[in-house]
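Visitor: Pasting input14.txt here (compact mmCIF, C-alpha atoms):
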# COMPACT_ATOMS: atom_id res chain seq x y z
CA MET A 376 27.96 106.03 64.95
CA SER A 377 25.07 103.62 65.15
CA GLN A 378 25.23 100.25 63.39
CA LEU A 379 23.01 101.54 60.57
CA GLU A 380 25.11 104.68 60.14
CA THR A 381 28.22 102.51 60.03
CA ALA A 382 26.63 100.23 57.42
CA MET A 383 25.72 103.27 55.30
CA ALA A 384 29.29 104.61 55.53
CA ILE A 385 30.66 101.21 54.49
CA LEU A 386 28.33 101.16 51.46
CA LEU A 387 29.58 104.58 50.39
CA LYS A 388 33.23 103.65 50.96
CA THR A 389 32.87 100.38 49.05
CA PHE A 390 31.17 102.07 46.10
CA ASP A 391 33.81 104.81 46.00
CA LYS A 392 36.63 102.24 46.19
CA TYR A 393 35.62 100.71 42.83
CA ALA A 394 33.90 103.62 41.05
CA GLY A 395 36.02 105.73 38.79
CA ALA A 396 38.84 103.27 38.16
CA GLU A 397 37.97 103.67 34.47
CA GLY A 398 36.73 107.24 34.38
CA ASN A 399 33.68 108.68 36.12
CA LYS A 400 34.23 108.60 39.89
CA GLY A 401 30.46 108.73 40.46
CA THR A 402 29.60 105.50 38.64
CA LEU A 403 30.62 101.88 38.19
CA SER A 404 31.31 100.65 34.68
CA LYS A 405 30.51 97.03 33.82
CA ALA A 406 34.17 96.09 34.45
CA GLU A 407 34.21 97.98 37.77
CA LEU A 408 30.96 96.30 38.83
CA LYS A 409 32.41 92.89 37.98
CA THR A 410 35.62 93.64 39.92
CA MET A 411 33.61 94.86 42.90
CA MET A 412 31.48 91.70 42.88
CA GLU A 413 34.57 89.45 42.56
CA LYS A 414 36.25 91.15 45.52
CA GLU A 415 33.29 91.99 47.77
CA LEU A 416 30.76 89.25 46.92
CA PRO A 417 32.90 86.22 45.99
CA SER A 418 30.54 83.55 47.31
CA LEU A 419 27.62 84.97 45.31
CA LEU A 420 29.68 85.10 42.14
CA LYS A 421 30.87 81.51 42.64
CA ALA A 422 27.25 80.38 43.03
CA SER A 423 26.47 81.79 39.59
CA LYS A 424 27.19 79.30 36.84
CA ASN A 425 26.40 81.66 33.96
CA PRO A 426 29.20 84.00 32.83
CA GLY A 427 26.58 86.33 31.30
CA ASP A 428 25.02 87.02 34.69
CA CYS A 429 27.11 90.17 35.19
CA ASP A 430 25.79 91.57 31.88
CA LYS A 431 22.21 90.77 32.89
CA LEU A 432 22.75 92.35 36.29
CA MET A 433 24.22 95.48 34.71
CA LYS A 434 21.21 95.86 32.41
CA ALA A 435 18.77 95.31 35.28
CA LEU A 436 20.52 97.88 37.50
CA ASP A 437 21.13 100.54 34.87
CA HIS A 438 17.73 102.23 35.09
CA ASN A 439 18.77 105.36 33.21
CA GLY A 440 20.45 103.45 30.36
CA ASP A 441 23.87 105.13 30.56
CA SER A 442 25.79 101.80 30.73
CA GLU A 443 27.03 102.67 34.20
CA VAL A 444 25.73 102.04 37.71
CA ASP A 445 25.42 105.12 39.91
CA PHE A 446 25.19 105.02 43.70
CA SER A 447 21.38 104.89 43.83
CA GLU A 448 21.41 101.97 41.37
CA PHE A 449 24.14 100.30 43.46
CA VAL A 450 22.02 100.59 46.61
CA VAL A 451 19.19 98.77 44.79
CA LEU A 452 21.65 95.92 44.07
CA VAL A 453 22.71 95.70 47.72
CA ALA A 454 19.10 95.75 48.94
CA ALA A 455 17.97 93.12 46.43
CA LEU A 456 20.90 90.81 47.22
CA THR A 457 20.33 91.24 50.95
CA CYS A 458 16.68 90.29 50.57
CA ALA A 459 17.43 87.34 48.32
CA CYS A 460 20.28 85.96 50.43
CA HIS A 461 18.35 86.21 53.67
CA ASP A 462 14.99 85.03 52.35
CA ARG A 463 13.39 88.44 52.89
CA CYS A 464 11.88 88.81 49.43
CA PRO A 465 8.17 89.64 49.47
CA LYS A 466 5.95 86.65 48.88
CA LYS A 467 3.55 87.02 45.97
Give the structure from the file, written as structure tokens.
Guide:
Amino acid sequence: MSQLETAMAILLKTFDKYAGAEGNKGTLSKAELKTMMEKELPSLLKASKNPGDCDKLMKALDHNGDSEVDFSEFVVLVAALTCACHDRCPKK
């Protein structure tokens, strides 16, 4: 597989690893999202000083309002964090 195909497979595997621990295997609950971030993005979570940031993130990601993050919403998170962490956000 190419590097991009490998990265895509890792995204799917990571999502699936945490999704469904509390029910629906196709979505992340708020608790699952927090666990995933603690395990997979520890340096980003440490940088956050506000304990309510996970709640804010969940609301921002949950476009359809079902209180869960599906894979397409998860991919938005990964893309936004990648842009922010590597200074690739569009300049206004």
Visitor: If you measure from CA of Phe449 (chain A) to CA of Ser418 (chain A), what distance in Å do you get, rounded to one decimal?
Guide: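 Separation of CA of Phe449 (chain A) and CA of Ser418 (chain A): 18.3 Å.
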Visitor: Could you give me, as a ChimeraX atom specification, the residues within 12 Å of Asp441 (chain A), counting only C-alpha atoms and dropping anything in the same chain fewer than 2 positions from it?
Guide: /A:399,402-405,433-434,436-439,443-445,448
Visitor: One decimal, Å: what's the distance from CA of Leu432 (chain A) over to CA of Val453 (chain A), could you say?
Guide: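 Those two atoms sit 11.9 Å apart.
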Visitor: Set the distance at 9 Å and use all atoms listed in the file: which residues neighbour region 406-415 of chain A once local chain neighbours fewer than 4 positions away are removed? I'd like the list as an NGL selection string.
Guide: :A and (389-390 or 392-397 or 402 or 419-421 or 429 or 433 or 443-444)
Visitor: For the selection just defined, write its residues with C-alpha atoms to a file, as a CSV table (one decimal), in the coordinates of the input.
Guide:
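For reference, selection38.csv as written:
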chain,number,residue,atom,x,y,z
A,389,THR,CA,32.9,100.4,49.0
A,390,PHE,CA,31.2,102.1,46.1
A,392,LYS,CA,36.6,102.2,46.2
A,393,TYR,CA,35.6,100.7,42.8
A,394,ALA,CA,33.9,103.6,41.0
A,395,GLY,CA,36.0,105.7,38.8
A,396,ALA,CA,38.8,103.3,38.2
A,397,GLU,CA,38.0,103.7,34.5
A,402,THR,CA,29.6,105.5,38.6
A,419,LEU,CA,27.6,85.0,45.3
A,420,LEU,CA,29.7,85.1,42.1
A,421,LYS,CA,30.9,81.5,42.6
A,429,CYS,CA,27.1,90.2,35.2
A,433,MET,CA,24.2,95.5,34.7
A,443,GLU,CA,27.0,102.7,34.2
A,444,VAL,CA,25.7,102.0,37.7
Visitor: Please report the interatomic distance between CA of Ala454 (chain A) and CA of Ala382 (chain A) in Å with one decimal.
Guide: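 Computed distance, CA of Ala454 (chain A) to CA of Ala382 (chain A), equals 12.2 Å.
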Visitor: Closest to Asp391 (chain A) among A:Leu416, A:Val451, A:Met376, A:Phe446, using all atoms listed in the file?
Guide: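 Ranking A:Leu416, A:Val451, A:Met376, A:Phe446 by distance to Asp391 (chain A), first place goes to A:Phe446.
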Visitor: Considering only C-alpha atoms, state which residue in the set A:Ala459, A:Gly440, A:Lys431, A:Ser447 is at the smallest distance from Leu387 (chain A).
Guide: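 The closest residue to Leu387 (chain A) is A:Ser447.
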Visitor: How would region 407-418 of chain A read, as a PDB file, keeping the file's coordinate frame, once all heavy atoms are built in?
Guide:
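The result, written out as result_26.pdb:
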ATOM      1  N   GLU A 407      34.081  97.617  36.356  1.00  0.00           N
ATOM      2  CA  GLU A 407      34.210  97.980  37.770  1.00  0.00           C
ATOM      3  C   GLU A 407      33.204  97.207  38.624  1.00  0.00           C
ATOM      4  O   GLU A 407      33.530  96.753  39.729  1.00  0.00           O
ATOM      5  CB  GLU A 407      34.026  99.480  37.956  1.00  0.00           C
ATOM      6  CG  GLU A 407      35.153 100.301  37.368  1.00  0.00           C
ATOM      7  CD  GLU A 407      34.822 101.771  37.245  1.00  0.00           C
ATOM      8  OE1 GLU A 407      33.631 102.160  37.252  1.00  0.00           O
ATOM      9  OE2 GLU A 407      35.785 102.559  37.121  1.00  0.00           O
ATOM     10  N   LEU A 408      31.983  97.061  38.113  1.00  0.00           N
ATOM     11  CA  LEU A 408      30.960  96.300  38.830  1.00  0.00           C
ATOM     12  C   LEU A 408      31.397  94.852  38.995  1.00  0.00           C
ATOM     13  O   LEU A 408      31.290  94.275  40.075  1.00  0.00           O
ATOM     14  CB  LEU A 408      29.622  96.366  38.078  1.00  0.00           C
ATOM     15  CG  LEU A 408      28.473  95.554  38.677  1.00  0.00           C
ATOM     16  CD1 LEU A 408      28.079  96.097  40.046  1.00  0.00           C
ATOM     17  CD2 LEU A 408      27.274  95.565  37.734  1.00  0.00           C
ATOM     18  N   LYS A 409      31.939  94.284  37.923  1.00  0.00           N
ATOM     19  CA  LYS A 409      32.410  92.890  37.980  1.00  0.00           C
ATOM     20  C   LYS A 409      33.550  92.746  38.991  1.00  0.00           C
ATOM     21  O   LYS A 409      33.564  91.818  39.794  1.00  0.00           O
ATOM     22  CB  LYS A 409      32.840  92.415  36.602  1.00  0.00           C
ATOM     23  CG  LYS A 409      33.195  90.955  36.587  1.00  0.00           C
ATOM     24  CD  LYS A 409      33.478  90.450  35.194  1.00  0.00           C
ATOM     25  CE  LYS A 409      33.793  88.967  35.261  1.00  0.00           C
ATOM     26  NZ  LYS A 409      34.115  88.388  33.997  1.00  0.00           N
ATOM     27  N   THR A 410      34.506  93.666  38.958  1.00  0.00           N
ATOM     28  CA  THR A 410      35.620  93.640  39.920  1.00  0.00           C
ATOM     29  C   THR A 410      35.106  93.758  41.342  1.00  0.00           C
ATOM     30  O   THR A 410      35.537  93.010  42.232  1.00  0.00           O
ATOM     31  CB  THR A 410      36.619  94.774  39.618  1.00  0.00           C
ATOM     32  OG1 THR A 410      37.143  94.595  38.309  1.00  0.00           O
ATOM     33  CG2 THR A 410      37.754  94.801  40.631  1.00  0.00           C
ATOM     34  N   MET A 411      34.178  94.681  41.559  1.00  0.00           N
ATOM     35  CA  MET A 411      33.610  94.860  42.900  1.00  0.00           C
ATOM     36  C   MET A 411      32.940  93.578  43.371  1.00  0.00           C
ATOM     37  O   MET A 411      33.141  93.138  44.506  1.00  0.00           O
ATOM     38  CB  MET A 411      32.605  96.018  42.890  1.00  0.00           C
ATOM     39  CG  MET A 411      32.052  96.393  44.262  1.00  0.00           C
ATOM     40  SD  MET A 411      30.593  95.500  44.845  1.00  0.00           S
ATOM     41  CE  MET A 411      29.419  95.723  43.547  1.00  0.00           C
ATOM     42  N   MET A 412      32.179  92.932  42.494  1.00  0.00           N
ATOM     43  CA  MET A 412      31.480  91.700  42.880  1.00  0.00           C
ATOM     44  C   MET A 412      32.482  90.571  43.147  1.00  0.00           C
ATOM     45  O   MET A 412      32.293  89.792  44.085  1.00  0.00           O
ATOM     46  CB  MET A 412      30.474  91.312  41.812  1.00  0.00           C
ATOM     47  CG  MET A 412      29.312  92.295  41.753  1.00  0.00           C
ATOM     48  SD  MET A 412      28.034  91.797  40.619  1.00  0.00           S
ATOM     49  CE  MET A 412      27.354  90.382  41.491  1.00  0.00           C
ATOM     50  N   GLU A 413      33.542  90.480  42.344  1.00  0.00           N
ATOM     51  CA  GLU A 413      34.570  89.450  42.560  1.00  0.00           C
ATOM     52  C   GLU A 413      35.256  89.623  43.905  1.00  0.00           C
ATOM     53  O   GLU A 413      35.534  88.642  44.598  1.00  0.00           O
ATOM     54  CB  GLU A 413      35.610  89.484  41.442  1.00  0.00           C
ATOM     55  CG  GLU A 413      35.095  88.997  40.108  1.00  0.00           C
ATOM     56  CD  GLU A 413      36.045  89.257  38.948  1.00  0.00           C
ATOM     57  OE1 GLU A 413      37.033  90.016  39.111  1.00  0.00           O
ATOM     58  OE2 GLU A 413      35.786  88.701  37.877  1.00  0.00           O
ATOM     59  N   LYS A 414      35.522  90.875  44.278  1.00  0.00           N
ATOM     60  CA  LYS A 414      36.250  91.150  45.520  1.00  0.00           C
ATOM     61  C   LYS A 414      35.343  91.180  46.753  1.00  0.00           C
ATOM     62  O   LYS A 414      35.725  90.716  47.818  1.00  0.00           O
ATOM     63  CB  LYS A 414      36.973  92.498  45.423  1.00  0.00           C
ATOM     64  CG  LYS A 414      37.931  92.613  44.277  1.00  0.00           C
ATOM     65  CD  LYS A 414      39.259  92.022  44.605  1.00  0.00           C
ATOM     66  CE  LYS A 414      40.228  92.394  43.490  1.00  0.00           C
ATOM     67  NZ  LYS A 414      41.334  91.526  43.382  1.00  0.00           N
ATOM     68  N   GLU A 415      34.154  91.750  46.610  1.00  0.00           N
ATOM     69  CA  GLU A 415      33.290  91.990  47.770  1.00  0.00           C
ATOM     70  C   GLU A 415      32.174  90.953  47.940  1.00  0.00           C
ATOM     71  O   GLU A 415      31.624  90.828  49.035  1.00  0.00           O
ATOM     72  CB  GLU A 415      32.669  93.387  47.679  1.00  0.00           C
ATOM     73  CG  GLU A 415      33.672  94.520  47.546  1.00  0.00           C
ATOM     74  CD  GLU A 415      34.566  94.704  48.778  1.00  0.00           C
ATOM     75  OE1 GLU A 415      34.160  94.317  49.896  1.00  0.00           O
ATOM     76  OE2 GLU A 415      35.679  95.240  48.609  1.00  0.00           O
ATOM     77  N   LEU A 416      31.843  90.237  46.874  1.00  0.00           N
ATOM     78  CA  LEU A 416      30.760  89.250  46.920  1.00  0.00           C
ATOM     79  C   LEU A 416      31.202  87.928  46.284  1.00  0.00           C
ATOM     80  O   LEU A 416      30.510  87.374  45.432  1.00  0.00           O
ATOM     81  CB  LEU A 416      29.524  89.790  46.193  1.00  0.00           C
ATOM     82  CG  LEU A 416      28.950  91.110  46.709  1.00  0.00           C
ATOM     83  CD1 LEU A 416      27.947  91.680  45.729  1.00  0.00           C
ATOM     84  CD2 LEU A 416      28.322  90.911  48.072  1.00  0.00           C
ATOM     85  N   PRO A 417      32.362  87.397  46.688  1.00  0.00           N
ATOM     86  CA  PRO A 417      32.900  86.220  45.990  1.00  0.00           C
ATOM     87  C   PRO A 417      32.012  84.986  46.073  1.00  0.00           C
ATOM     88  O   PRO A 417      31.911  84.238  45.101  1.00  0.00           O
ATOM     89  CB  PRO A 417      34.257  85.998  46.663  1.00  0.00           C
ATOM     90  CG  PRO A 417      34.139  86.647  47.999  1.00  0.00           C
ATOM     91  CD  PRO A 417      33.206  87.807  47.797  1.00  0.00           C
ATOM     92  N   SER A 418      31.363  84.759  47.190  1.00  0.00           N
ATOM     93  CA  SER A 418      30.540  83.550  47.310  1.00  0.00           C
ATOM     94  C   SER A 418      29.307  83.634  46.405  1.00  0.00           C
ATOM     95  O   SER A 418      28.874  82.619  45.854  1.00  0.00           O
ATOM     96  CB  SER A 418      30.125  83.298  48.754  1.00  0.00           C
ATOM     97  OG  SER A 418      29.412  84.393  49.264  1.00  0.00           O
TER      98      SER A 418
END
